[in-house]
$ cat upload08.txt   # compact mmCIF, C-alpha atoms and all ligand atoms
# COMPACT_ATOMS: atom_id res chain seq x y z
CA MET A 1 -35.36 -150.07 -36.21
CA SER A 2 -38.53 -148.24 -37.06
CA GLY A 3 -39.52 -150.41 -40.01
CA PHE A 4 -39.10 -153.84 -38.47
CA ASP A 5 -41.38 -153.55 -35.49
CA PHE A 6 -41.67 -156.87 -33.64
CA PHE A 7 -38.11 -157.80 -34.69
CA ASP A 8 -35.48 -156.15 -32.52
CA TYR A 9 -32.04 -156.67 -31.00
CA ARG A 10 -31.74 -157.05 -27.23
CA ASN A 11 -28.27 -157.55 -25.76
CA ASN A 12 -26.79 -158.18 -29.21
CA GLU A 13 -29.34 -160.82 -30.06
CA LEU A 14 -32.23 -160.71 -32.53
CA PHE A 15 -35.71 -161.39 -31.17
CA CYS A 16 -39.01 -161.92 -32.91
CA GLU A 17 -41.58 -160.74 -30.39
CA GLN A 18 -40.44 -162.48 -27.15
CA VAL A 19 -38.56 -165.33 -28.78
CA LYS A 20 -34.84 -165.50 -29.59
CA VAL A 21 -34.42 -166.17 -33.30
CA LYS A 22 -31.46 -168.41 -32.50
CA GLU A 23 -33.65 -170.58 -30.28
CA ILE A 24 -36.10 -171.18 -33.15
CA ILE A 25 -33.30 -172.04 -35.55
CA GLU A 26 -31.73 -174.52 -33.12
CA GLU A 27 -34.95 -176.49 -33.46
CA VAL A 28 -35.87 -176.07 -37.15
CA LYS A 29 -32.50 -175.31 -38.84
CA THR A 30 -32.02 -173.02 -41.86
CA PRO A 31 -33.10 -171.50 -44.21
CA THR A 32 -36.31 -170.54 -42.43
CA TYR A 33 -38.94 -167.86 -42.77
CA ILE A 34 -40.06 -166.44 -39.42
CA TYR A 35 -43.22 -164.34 -39.16
CA SER A 36 -44.58 -162.29 -36.28
CA LYS A 37 -48.28 -162.84 -35.74
CA ASN A 38 -48.75 -159.58 -33.88
CA SER A 39 -46.95 -157.65 -36.59
CA ILE A 40 -49.30 -159.07 -39.25
CA LEU A 41 -52.39 -158.34 -37.18
CA SER A 42 -51.27 -154.86 -36.18
CA HIS A 43 -50.62 -153.95 -39.82
CA PHE A 44 -54.04 -155.24 -40.81
CA ALA A 45 -55.62 -153.20 -38.01
CA GLU A 46 -53.59 -150.13 -38.99
CA ILE A 47 -54.79 -150.07 -42.58
CA ARG A 48 -58.36 -150.96 -41.56
CA ASP A 49 -58.46 -148.16 -38.99
CA ALA A 50 -56.80 -145.61 -41.26
CA PHE A 51 -59.50 -146.12 -43.88
CA ALA A 52 -62.35 -146.76 -41.40
CA GLU A 53 -64.23 -143.65 -42.51
CA ALA A 54 -64.72 -145.28 -45.93
CA SER A 55 -65.45 -148.72 -44.36
CA PRO A 56 -63.60 -150.55 -47.11
CA LEU A 57 -63.70 -154.23 -47.92
CA ILE A 58 -60.05 -155.17 -47.40
CA CYS A 59 -59.02 -158.06 -49.62
CA PHE A 60 -55.59 -159.33 -48.60
CA SER A 61 -53.45 -160.00 -51.68
CA VAL A 62 -52.87 -163.75 -51.43
CA LYS A 63 -49.89 -163.70 -53.77
CA SER A 64 -47.87 -161.68 -51.24
CA ASN A 65 -48.04 -164.49 -48.68
CA SER A 66 -50.31 -167.41 -49.38
CA ASN A 67 -49.56 -169.52 -46.31
CA LEU A 68 -52.88 -171.06 -45.24
CA SER A 69 -52.51 -170.24 -41.54
CA ILE A 70 -51.62 -166.64 -42.30
CA CYS A 71 -54.60 -166.31 -44.62
CA ARG A 72 -56.81 -167.90 -41.96
CA MET A 73 -55.49 -165.45 -39.34
CA LEU A 74 -56.35 -162.53 -41.60
CA SER A 75 -59.74 -163.95 -42.47
CA ASP A 76 -60.47 -164.30 -38.73
CA ALA A 77 -59.48 -160.64 -38.37
CA GLY A 78 -62.12 -159.71 -40.95
CA SER A 79 -60.10 -159.66 -44.15
CA GLY A 80 -61.30 -160.82 -47.54
CA PHE A 81 -58.96 -162.00 -50.30
CA ASP A 82 -57.63 -160.80 -53.63
CA VAL A 83 -56.72 -163.88 -55.69
CA VAL A 84 -55.04 -164.12 -59.09
CA SER A 85 -55.39 -167.83 -59.89
CA GLY A 86 -57.50 -170.90 -59.26
CA GLY A 87 -54.83 -172.11 -56.84
CA GLU A 88 -55.06 -168.92 -54.78
CA LEU A 89 -58.85 -169.19 -54.81
CA TYR A 90 -58.51 -172.77 -53.48
CA ARG A 91 -56.33 -171.47 -50.66
CA ALA A 92 -58.69 -168.58 -49.89
CA LEU A 93 -61.69 -170.92 -49.71
CA LYS A 94 -59.73 -173.33 -47.48
CA THR A 95 -59.48 -170.63 -44.83
CA GLY A 96 -63.24 -170.82 -44.46
CA THR A 97 -63.74 -167.22 -45.49
CA GLY A 98 -67.03 -166.21 -47.04
CA PRO A 99 -66.78 -166.25 -50.86
CA ASP A 100 -68.55 -162.89 -50.78
CA LYS A 101 -65.22 -161.39 -49.71
CA ILE A 102 -63.13 -162.77 -52.58
CA VAL A 103 -62.17 -160.78 -55.67
CA PHE A 104 -60.36 -162.36 -58.63
CA ALA A 105 -57.87 -160.44 -60.83
CA GLY A 106 -55.44 -161.51 -63.55
CA VAL A 107 -55.10 -161.09 -67.32
CA GLY A 108 -55.40 -164.78 -68.18
CA LYS A 109 -58.21 -166.38 -66.21
CA THR A 110 -59.05 -169.68 -67.90
CA SER A 111 -62.57 -171.03 -68.41
CA GLU A 112 -61.81 -173.66 -65.74
CA GLU A 113 -60.80 -170.97 -63.24
CA ILE A 114 -63.87 -168.88 -64.11
CA THR A 115 -66.11 -171.93 -63.63
CA TYR A 116 -64.49 -172.72 -60.28
CA ALA A 117 -65.00 -169.11 -59.13
CA LEU A 118 -68.62 -168.95 -60.30
CA GLU A 119 -69.48 -172.27 -58.69
CA ASN A 120 -68.16 -170.87 -55.43
CA ASN A 121 -70.05 -167.57 -55.82
CA ILE A 122 -67.09 -165.24 -55.40
CA PHE A 123 -67.86 -161.58 -54.89
CA MET A 124 -66.34 -160.17 -58.05
CA PHE A 125 -64.07 -160.70 -61.05
CA ASN A 126 -61.71 -157.88 -61.88
CA VAL A 127 -61.95 -158.13 -65.66
CA GLU A 128 -58.92 -157.18 -67.71
CA SER A 129 -60.13 -157.33 -71.35
CA GLN A 130 -63.20 -157.52 -73.59
CA ALA A 131 -62.24 -161.06 -74.56
CA GLU A 132 -62.22 -162.07 -70.91
CA LEU A 133 -65.57 -160.40 -70.28
CA SER A 134 -67.12 -162.29 -73.21
CA ASN A 135 -65.71 -165.53 -71.86
CA ILE A 136 -66.98 -164.92 -68.33
CA ASN A 137 -70.39 -164.11 -69.82
CA ARG A 138 -70.35 -167.35 -71.82
CA VAL A 139 -69.21 -169.51 -68.89
CA ALA A 140 -71.76 -167.88 -66.55
CA ASN A 141 -74.50 -168.49 -69.11
CA GLY A 142 -73.57 -172.17 -69.27
CA LEU A 143 -73.85 -172.38 -65.48
CA ASN A 144 -77.03 -170.33 -65.40
CA LYS A 145 -75.35 -167.78 -63.19
CA THR A 146 -74.67 -164.06 -63.18
CA ALA A 147 -71.08 -162.94 -62.72
CA ARG A 148 -70.41 -159.77 -60.77
CA VAL A 149 -67.53 -157.85 -62.33
CA ALA A 150 -65.42 -154.75 -61.98
CA LEU A 151 -63.55 -153.47 -65.02
CA ARG A 152 -59.84 -153.23 -64.40
CA ILE A 153 -58.72 -149.94 -65.85
CA ASN A 154 -55.20 -149.27 -67.01
CA PRO A 155 -55.12 -145.55 -66.22
CA ASP A 156 -51.67 -144.86 -67.70
CA VAL A 157 -50.28 -143.51 -64.43
CA ASP A 158 -46.66 -144.01 -63.39
CA PRO A 159 -46.37 -145.03 -59.72
CA ASN A 160 -42.61 -144.29 -59.76
CA THR A 161 -41.54 -147.75 -58.74
CA HIS A 162 -39.39 -150.45 -60.36
CA VAL A 163 -40.22 -151.01 -64.06
CA LYS A 164 -40.83 -154.69 -63.36
CA THR A 165 -43.44 -153.93 -60.67
CA THR A 166 -45.29 -151.16 -62.53
CA THR A 167 -48.68 -152.33 -63.77
CA GLY A 168 -50.75 -149.26 -64.69
CA LYS A 169 -48.92 -147.69 -67.63
CA LYS A 170 -50.26 -147.98 -71.14
CA GLU A 171 -47.47 -150.33 -72.23
CA ASN A 172 -48.28 -152.80 -69.40
CA LYS A 173 -50.37 -155.90 -70.07
CA PHE A 174 -52.88 -155.20 -67.29
CA GLY A 175 -56.42 -153.87 -67.57
CA MET A 176 -58.20 -151.92 -70.33
CA ASP A 177 -57.81 -148.27 -71.23
CA PHE A 178 -60.57 -145.72 -70.67
CA VAL A 179 -61.71 -145.76 -74.30
CA ILE A 180 -62.29 -149.51 -74.26
CA ALA A 181 -63.87 -149.39 -70.80
CA GLU A 182 -66.33 -146.80 -72.09
CA GLN A 183 -67.29 -149.03 -75.04
CA VAL A 184 -67.72 -152.00 -72.74
CA ILE A 185 -69.96 -150.07 -70.35
CA LYS A 186 -72.08 -148.69 -73.19
CA ASN A 187 -72.59 -152.22 -74.49
CA ILE A 188 -72.95 -153.93 -71.12
CA ALA A 189 -76.57 -154.89 -71.83
CA ASN A 190 -75.27 -157.29 -74.48
CA TYR A 191 -73.58 -159.34 -71.78
CA LYS A 192 -76.67 -161.01 -70.34
CA ASN A 193 -74.92 -162.91 -67.57
CA ILE A 194 -72.75 -160.04 -66.38
CA ASP A 195 -73.58 -157.71 -63.51
CA LEU A 196 -71.28 -154.69 -63.77
CA LYS A 197 -70.53 -153.53 -60.22
CA GLY A 198 -67.38 -151.46 -60.23
CA ILE A 199 -64.07 -150.16 -61.42
CA HIS A 200 -60.73 -151.67 -60.39
CA VAL A 201 -57.25 -150.17 -60.61
CA HIS A 202 -53.94 -151.54 -59.36
CA ILE A 203 -51.00 -149.55 -60.68
CA GLY A 204 -48.06 -151.41 -59.13
CA SER A 205 -46.03 -151.52 -55.96
CA PRO A 206 -44.43 -150.47 -53.72
CA ILE A 207 -45.87 -146.96 -53.94
CA TYR A 208 -44.27 -144.46 -51.57
CA GLU A 209 -46.52 -141.42 -52.05
CA PRO A 210 -50.30 -140.92 -52.22
CA GLU A 211 -50.04 -138.90 -55.47
CA PRO A 212 -50.30 -141.80 -57.94
CA TYR A 213 -53.50 -142.99 -56.22
CA VAL A 214 -54.87 -139.45 -56.31
CA LEU A 215 -54.07 -139.12 -60.01
CA VAL A 216 -55.77 -142.43 -60.73
CA LEU A 217 -58.88 -141.53 -58.76
CA GLU A 218 -59.11 -138.14 -60.44
CA LYS A 219 -58.92 -139.84 -63.82
CA VAL A 220 -61.57 -142.38 -62.80
CA ASN A 221 -63.82 -139.63 -61.47
CA GLU A 222 -63.50 -137.66 -64.68
CA PHE A 223 -64.22 -140.80 -66.68
CA LEU A 224 -67.34 -141.57 -64.67
CA GLN A 225 -68.58 -137.97 -64.89
CA LYS A 226 -67.83 -137.31 -68.55
CA ALA A 227 -67.99 -140.60 -70.33
CA LEU A 228 -71.00 -142.19 -68.71
CA ASP A 229 -74.63 -141.26 -68.59
CA VAL A 230 -76.52 -141.44 -65.30
CA LYS A 231 -77.89 -144.91 -65.94
CA ASP A 232 -74.44 -146.39 -66.59
CA LYS A 233 -72.87 -144.52 -63.71
CA GLN A 234 -75.40 -145.95 -61.28
CA LYS A 235 -74.08 -149.41 -61.99
CA ILE A 236 -70.65 -148.45 -60.68
CA GLU A 237 -71.16 -149.18 -57.01
CA TYR A 238 -67.57 -150.05 -56.05
CA ILE A 239 -64.18 -148.53 -56.62
CA ASN A 240 -61.32 -150.98 -56.00
CA ILE A 241 -58.00 -149.14 -55.66
CA GLY A 242 -55.80 -152.27 -55.51
CA GLY A 243 -52.68 -152.61 -53.37
CA GLY A 244 -49.16 -151.23 -53.46
CA TYR A 245 -49.00 -149.40 -50.10
CA CYS A 246 -45.32 -149.15 -49.25
CA ILE A 247 -43.24 -150.48 -46.40
CA SER A 248 -39.81 -149.36 -45.25
CA TYR A 249 -37.07 -151.58 -46.60
CA THR A 250 -34.29 -149.24 -45.44
CA GLY A 251 -35.34 -148.34 -41.91
CA GLU A 252 -36.29 -144.82 -43.02
CA ASN A 253 -39.74 -143.56 -42.14
CA VAL A 254 -42.16 -143.94 -45.03
CA LYS A 255 -45.76 -142.88 -45.52
CA ARG A 256 -48.26 -144.87 -43.44
CA PRO A 257 -51.82 -145.89 -44.35
CA SER A 258 -53.18 -142.80 -42.57
CA ASP A 259 -51.15 -140.61 -44.95
CA PHE A 260 -52.62 -142.45 -47.93
CA ALA A 261 -56.13 -142.40 -46.44
CA ALA A 262 -56.03 -138.62 -45.94
CA GLU A 263 -55.61 -138.12 -49.68
CA ILE A 264 -57.61 -141.07 -50.97
CA ILE A 265 -60.80 -140.93 -48.89
CA PRO A 266 -61.95 -137.47 -50.05
CA LEU A 267 -61.73 -138.63 -53.66
CA VAL A 268 -63.57 -141.87 -52.95
CA LYS A 269 -66.32 -139.78 -51.37
CA LYS A 270 -66.37 -137.49 -54.38
CA ILE A 271 -66.73 -140.48 -56.69
CA GLY A 272 -69.49 -141.74 -54.40
CA CYS A 273 -68.60 -145.44 -54.50
CA LYS A 274 -67.90 -148.06 -51.86
CA LEU A 275 -64.19 -148.78 -51.39
CA ILE A 276 -62.33 -152.05 -51.92
CA MET A 277 -58.60 -152.34 -51.21
CA GLU A 278 -56.08 -155.11 -51.91
CA PRO A 279 -53.05 -154.63 -49.63
CA GLY A 280 -50.45 -157.38 -49.51
CA ARG A 281 -46.95 -156.12 -48.84
CA PHE A 282 -48.04 -153.58 -46.24
CA ILE A 283 -49.61 -156.28 -44.07
CA VAL A 284 -46.97 -159.01 -44.25
CA GLY A 285 -43.77 -157.47 -45.72
CA ASN A 286 -42.10 -156.31 -42.53
CA ALA A 287 -43.73 -159.07 -40.50
CA GLY A 288 -41.27 -161.66 -41.78
CA ILE A 289 -37.55 -162.42 -41.96
CA LEU A 290 -35.57 -165.12 -43.73
CA VAL A 291 -32.89 -166.66 -41.54
CA SER A 292 -29.88 -168.28 -43.13
CA LYS A 293 -26.59 -169.77 -41.99
CA VAL A 294 -23.13 -168.81 -43.16
CA ILE A 295 -21.55 -171.75 -44.95
CA TYR A 296 -18.25 -170.23 -46.10
CA THR A 297 -16.55 -166.89 -46.49
CA LYS A 298 -14.01 -166.22 -49.21
CA THR A 299 -11.90 -163.33 -50.44
CA SER A 300 -10.42 -163.02 -53.92
CA THR A 301 -6.82 -161.94 -54.55
CA ALA A 302 -8.26 -158.62 -55.70
CA GLY A 303 -9.88 -158.28 -52.27
CA LYS A 304 -13.52 -159.01 -53.08
CA LYS A 305 -15.17 -160.64 -50.09
CA TYR A 306 -18.09 -163.05 -50.29
CA ILE A 307 -20.25 -164.52 -47.58
CA ILE A 308 -21.84 -167.71 -48.90
CA CYS A 309 -24.99 -168.64 -47.00
CA ASP A 310 -27.50 -171.46 -47.21
CA ALA A 311 -30.42 -169.34 -48.46
CA ALA A 312 -30.51 -168.61 -52.16
CA MET A 313 -32.48 -167.04 -54.98
CA ASN A 314 -34.81 -170.04 -54.95
CA ASP A 315 -35.81 -169.04 -51.39
CA LEU A 316 -35.89 -165.28 -52.02
CA VAL A 317 -35.85 -164.20 -55.66
CA ARG A 318 -36.61 -160.48 -55.26
CA PRO A 319 -32.95 -159.33 -55.27
CA SER A 320 -32.23 -161.30 -58.47
CA LEU A 321 -35.54 -160.46 -60.13
CA TYR A 322 -36.09 -156.80 -59.24
CA ASP A 323 -32.74 -155.68 -57.76
CA ALA A 324 -34.72 -155.53 -54.53
CA PHE A 325 -32.89 -154.26 -51.45
CA HIS A 326 -33.32 -156.26 -48.24
CA ARG A 327 -31.49 -155.27 -45.10
CA THR A 328 -29.34 -158.07 -43.81
CA TRP A 329 -27.55 -158.43 -40.47
CA PRO A 330 -26.20 -161.18 -38.22
CA VAL A 331 -28.68 -162.67 -35.75
CA ASN A 332 -26.10 -162.47 -32.95
CA THR A 333 -23.64 -159.59 -33.13
CA GLU A 334 -21.92 -157.04 -30.96
CA ILE A 335 -22.14 -154.43 -33.72
CA PRO A 336 -25.55 -152.74 -33.67
CA MET A 337 -27.50 -152.71 -36.90
CA PRO A 338 -27.63 -149.11 -38.19
CA GLU A 339 -31.08 -147.52 -37.83
CA VAL A 340 -31.17 -146.77 -41.53
CA GLU A 341 -29.27 -148.21 -44.48
CA ILE A 342 -29.69 -146.65 -47.90
CA PRO A 343 -28.80 -148.89 -50.86
CA GLY A 344 -25.27 -148.13 -52.01
CA GLU A 345 -24.65 -145.68 -49.18
CA GLY A 346 -23.41 -147.96 -46.42
CA LYS A 347 -20.30 -146.73 -44.67
CA ASP A 348 -17.24 -148.18 -43.01
CA MET A 349 -17.87 -147.06 -39.47
CA GLY A 350 -14.44 -148.19 -38.27
CA ASN A 351 -15.95 -150.83 -36.00
CA GLY A 352 -14.79 -153.89 -37.86
CA LEU A 353 -17.30 -153.90 -40.69
CA GLU A 354 -16.26 -155.53 -43.95
CA PHE A 355 -17.50 -154.74 -47.46
CA VAL A 356 -19.16 -157.91 -48.75
CA ASP A 357 -21.59 -159.54 -51.14
CA ILE A 358 -23.85 -162.11 -49.50
CA ALA A 359 -24.64 -164.90 -51.95
CA GLY A 360 -26.41 -168.24 -52.03
CA PRO A 361 -25.28 -171.63 -53.34
CA VAL A 362 -27.36 -171.62 -56.56
CA CYS A 363 -25.42 -171.86 -59.80
CA GLU A 364 -26.30 -168.42 -61.17
CA SER A 365 -24.26 -165.22 -60.91
CA SER A 366 -27.46 -163.38 -60.05
CA ASP A 367 -27.86 -165.45 -56.88
CA VAL A 368 -26.75 -162.58 -54.65
CA LEU A 369 -29.08 -161.74 -51.76
CA ALA A 370 -27.27 -158.63 -50.54
CA LYS A 371 -24.79 -156.79 -52.72
CA GLY A 372 -22.09 -154.37 -51.59
CA ARG A 373 -22.86 -154.17 -47.86
CA TRP A 374 -20.80 -153.08 -44.89
CA PHE A 375 -21.31 -156.12 -42.70
CA PRO A 376 -19.95 -157.41 -39.38
CA GLY A 377 -17.30 -160.12 -39.64
CA VAL A 378 -18.97 -163.51 -39.54
CA LYS A 379 -17.71 -167.06 -39.51
CA GLU A 380 -19.01 -170.42 -40.69
CA GLY A 381 -22.16 -171.42 -38.83
CA ASP A 382 -23.20 -167.87 -37.87
CA LEU A 383 -26.82 -166.94 -38.51
CA ILE A 384 -27.90 -163.97 -40.62
CA ALA A 385 -31.34 -162.39 -40.92
CA ILE A 386 -32.71 -161.00 -44.18
CA PHE A 387 -35.38 -158.47 -43.26
CA SER A 388 -38.67 -157.40 -44.89
CA THR A 389 -39.20 -160.79 -46.49
CA GLY A 390 -42.74 -161.56 -45.28
CA ALA A 391 -44.18 -160.53 -48.66
CA TYR A 392 -43.11 -162.07 -51.98
CA GLY A 393 -40.56 -164.22 -50.15
CA SER A 394 -41.84 -167.71 -49.58
CA THR A 395 -44.58 -167.32 -52.22
CA MET A 396 -42.02 -166.71 -54.96
CA SER A 397 -39.74 -169.54 -53.87
CA SER A 398 -38.98 -172.48 -56.14
CA ASN A 399 -37.13 -175.77 -56.18
CA TYR A 400 -34.44 -174.56 -58.58
CA ASN A 401 -31.22 -176.54 -58.20
CA SER A 402 -33.44 -179.18 -56.51
CA ARG A 403 -33.38 -177.26 -53.29
CA PRO A 404 -36.21 -178.16 -50.89
CA ARG A 405 -38.29 -175.14 -49.95
CA ALA A 406 -37.70 -173.52 -46.55
CA CYS A 407 -40.03 -173.98 -43.60
CA GLU A 408 -42.23 -171.21 -42.25
CA ILE A 409 -42.57 -170.42 -38.54
CA LEU A 410 -44.99 -168.14 -36.73
CA VAL A 411 -44.12 -166.39 -33.49
CA ASP A 412 -46.90 -165.30 -31.16
CA GLY A 413 -45.63 -163.66 -27.97
CA ASP A 414 -43.27 -166.16 -26.36
CA ASN A 415 -44.41 -169.14 -28.44
CA PHE A 416 -43.54 -170.30 -31.90
CA SER A 417 -45.10 -172.88 -34.17
CA THR A 418 -44.63 -174.33 -37.65
CA LEU A 419 -46.90 -173.08 -40.46
CA ARG A 420 -45.22 -175.05 -43.22
CA LYS A 421 -42.67 -177.79 -42.77
CA ARG A 422 -39.41 -177.89 -44.65
CA GLU A 423 -39.60 -179.89 -47.86
CA THR A 424 -37.61 -183.11 -48.07
CA TYR A 425 -35.68 -184.70 -50.92
CA GLU A 426 -38.61 -187.15 -51.28
CA ASP A 427 -40.97 -184.18 -51.80
CA LEU A 428 -38.79 -183.06 -54.71
CA VAL A 429 -39.41 -186.23 -56.72
CA VAL A 430 -42.87 -187.23 -55.57
CA ASN A 431 -44.56 -186.38 -58.88
CA GLU A 432 -41.88 -188.06 -60.97
CA GLU A 433 -41.07 -191.30 -59.22
CA GLU A 434 -44.04 -193.26 -60.54
CA PHE A 435 -42.88 -192.58 -64.11
CA LEU A 436 -39.34 -193.80 -63.49
CA ASN A 437 -38.70 -196.93 -65.51
C1 LIG A 501 -49.97 -157.85 -56.36
C2 LIG A 501 -51.30 -157.23 -56.33
C3 LIG A 501 -51.75 -156.57 -55.18
C4 LIG A 501 -50.92 -156.40 -53.93
O1 LIG A 501 -49.84 -155.52 -54.04
P1 LIG A 501 -49.01 -155.14 -52.74
O2 LIG A 501 -47.88 -154.33 -53.21
O3 LIG A 501 -48.52 -156.42 -52.14
O4 LIG A 501 -49.91 -154.39 -51.83
C5 LIG A 501 -53.04 -156.08 -55.20
N1 LIG A 501 -53.84 -156.20 -56.29
C6 LIG A 501 -53.43 -156.82 -57.41
C7 LIG A 501 -54.36 -156.94 -58.56
C8 LIG A 501 -52.15 -157.35 -57.47
O5 LIG A 501 -51.74 -157.96 -58.58
$ encode --input "upload08.txt" --output "structure tokens" --more "lines below"
Ligand SMILES: *Cc1c(COP(=O)(O)O)cnc(C)c1O
Amino acid sequence: MSGFDFFDYRNNELFCEQVKVKEIIEEVKTPTYIYSKNSILSHFAEIRDAFAEASPLICFSVKSNSNLSICRMLSDAGSGFDVVSGGELYRALKTGTGPDKIVFAGVGKTSEEITYALENNIFMFNVESQAELSNINRVANGLNKTARVALRINPDVDPNTHVKTTTGKKENKFGMDFVIAEQVIKNIANYKNIDLKGIHVHIGSPIYEPEPYVLVLEKVNEFLQKALDVKDKQKIEYINIGGGYCISYTGENVKRPSDFAAEIIPLVKKIGCKLIMEPGRFIVGNAGILVSKVIYTKTSTAGKKYIICDAAMNDLVRPSLYDAFHRTWPVNTEIPMPEVEIPGEGKDMGNGLEFVDIAGPVCESSDVLAKGRWFPGVKEGDLIAIFSTGAYGSTMSSNYNSRPRACEILVDGDNFSTLRKRETYEDLVVNEEEFLN
């Protein structure tokens, strides 16, 4: 199971590091997110080491997994943070990280969020429009501060990923095109409370090849060489290449940070800027699983078989939202999980597998977590693991259908501990009860 290091089957039983998944669930019930601490830290170290030659500032993308303890762990390991809202900034600051390691992106930063960020002296805003730059300038002026900014460029490069997770094509809402960026830079002296420090690009995710990054950096280099005079170019001290570094969802080998670094670093050197990176998924994606319990199984007259489990689209929305593929397998099973499973290409291996859809209890047809899978026979009460859910799992969860959010557990060696407790029914109504009359 190349992709899911730190989660493996021993004697037909799924472990996270040295702990049996079943043992955790006996204590905390389901649905539950389980993370491996050593997986998170080893991924952070891997990307840091791969890019060491460029000594980047690594800003963990908080939206991929915003759990406070996980952010604290990464901050202790030397990570900064990439935030996209005031709420994420609040979380990042709570970890005790230095504000000089926080960068703030997003197309719709409000004046309140800008004020909050300036008061806390964050490192940099990644600015996505002229209107936003004017507003940051105005707010900074009111606070008698100078705002450090990078211009987020929309380079019109296709990262060849899902249309809903592509962010750097000209039809996407993110960033400004090169023509506008050039105008902004030429007029930067008019923004008295702005200190232009860099260029930012984040073109989407997951990205499986270095080429889109290379294309982007070549375009940025050309822009800096051709469009800007020496004085303006000197201001551009940082190049922030965003996130998007892939993980394996299928068990196949995919490119690693060292493969990306080999192509990216020479261009960063050529551009002559310091490097900032914003990985999210790569660090936490394969460091987490969602564990659920089978509630019922049912088969239609036409032979369609469903496994209904107690996790749903409110716990993990990626399959419903992006048709995302997450490998899924029983926690305890005599049938080994195949090394690799390609979406739509599972096979009946004649060992008792059944062709199923695995669905949750939410009242939506799109609440299917795993569609069309060859899966071992399971019965009510059996546990199943949904892999690669450490990123954009818990953070995208909701209370839809008034379902309390799952708890989050961290495994470290042979210990496990709670990072977020399961919500209760009382939690669901806490902000409404006082208005009940
Ligand atoms: C979401 C996001 C990231 C992280 O993307 P990953 O695929 O998780 O690495 C980085 N930067 C920005 C601006 C983002 O919006």
$ closest_residue --input "upload08.txt" --among "A:Glu432, A:Asp427, A:Asp229, A:Glu46" --to "Phe260 (chain A)" --atoms "only C-alpha atoms"
A:Glu46
$ closest_atom_pairs --input "upload08.txt" --of "chain A" --to "ligand LIG 501 (chain A)" --cutoff "10 Å" --atoms "all atoms listed in the file" --output "tab-separated table"
residue	atom	partner	partner_atom	distance
A:Cys59	CA	A:LIG501	C5	8.4
A:Phe60	CA	A:LIG501	C4	7.7
A:Ser61	CA	A:LIG501	C4	4.9
A:Val62	CA	A:LIG501	C4	8.0
A:Lys63	CA	A:LIG501	C1	6.4
A:Ser64	CA	A:LIG501	O3	5.4
A:Asn65	CA	A:LIG501	O3	8.8
A:Phe81	CA	A:LIG501	C5	9.7
A:Asp82	CA	A:LIG501	N1	6.5
A:Val83	CA	A:LIG501	C7	7.9
A:Val84	CA	A:LIG501	O5	7.0
A:Val103	CA	A:LIG501	C7	9.2
A:Phe104	CA	A:LIG501	C7	8.1
A:Ala105	CA	A:LIG501	C7	5.5
A:Gly106	CA	A:LIG501	C7	6.9
A:Val107	CA	A:LIG501	C7	9.7
A:Asn126	CA	A:LIG501	C7	8.1
A:Arg152	CA	A:LIG501	C7	8.8
A:Thr165	CA	A:LIG501	O2	8.7
A:Thr167	CA	A:LIG501	O5	8.2
A:Phe174	CA	A:LIG501	C7	9.0
A:Gly175	CA	A:LIG501	C7	9.7
A:His200	CA	A:LIG501	C7	8.5
A:Val201	CA	A:LIG501	C7	7.6
A:His202	CA	A:LIG501	C7	5.5
A:Ile203	CA	A:LIG501	C6	8.3
A:Gly204	CA	A:LIG501	O2	6.6
A:Ser205	CA	A:LIG501	O2	4.3
A:Pro206	CA	A:LIG501	O2	5.2
A:Ile207	CA	A:LIG501	O2	7.7
A:Asn240	CA	A:LIG501	N1	9.1
A:Ile241	CA	A:LIG501	N1	8.2
A:Gly242	CA	A:LIG501	N1	4.5
A:Gly243	CA	A:LIG501	O4	3.6
A:Gly244	CA	A:LIG501	O2	3.4
A:Tyr245	CA	A:LIG501	O4	5.4
A:Cys246	CA	A:LIG501	O2	7.0
A:Ile247	CA	A:LIG501	O2	9.1
A:Met277	CA	A:LIG501	C5	7.8
A:Glu278	CA	A:LIG501	C5	4.6
A:Pro279	CA	A:LIG501	O4	3.8
A:Gly280	CA	A:LIG501	O3	3.4
A:Arg281	CA	A:LIG501	O3	3.7
A:Phe282	CA	A:LIG501	O4	5.9
A:Ile283	CA	A:LIG501	O4	8.0
A:Val284	CA	A:LIG501	O3	8.4
A:Gly285	CA	A:LIG501	O3	8.1
A:Ala391	CA	A:LIG501	O3	6.9
A:Tyr392	CA	A:LIG501	O3	7.8
$ atom_distance --input "upload08.txt" --atom1 "CA of Leu316 (chain A)" --atom2 "CA of Thr32 (chain A)"
10.9 Å
$ residues_near_point --input "upload08.txt" --point "(-42.0, -178.4, -39.8)" --cutoff "9 Å" --atoms "all atoms listed in the file" --output "list in words"
Val28, Cys407, Glu408, Ile409, Ser417, Thr418, Leu419, Arg420, Lys421, Arg422 and Glu423 of chain A
$ closest_residue --input "upload08.txt" --among "A:Lys145, A:Ile386, A:Glu128, A:Val214" --to "Val157 (chain A)" --atoms "only C-alpha atoms"
A:Val214
$ closest_residue --input "upload08.txt" --among "A:Asn141, A:Asn38, A:Thr161, A:Thr97" --to "Ala287 (chain A)" --atoms "all atoms listed in the file"
A:Asn38
$ closest_residue --input "upload08.txt" --among "A:Ser365, A:Thr115, A:Ser36, A:Ser85" --to "Ser320 (chain A)" --atoms "only C-alpha atoms"
A:Ser365
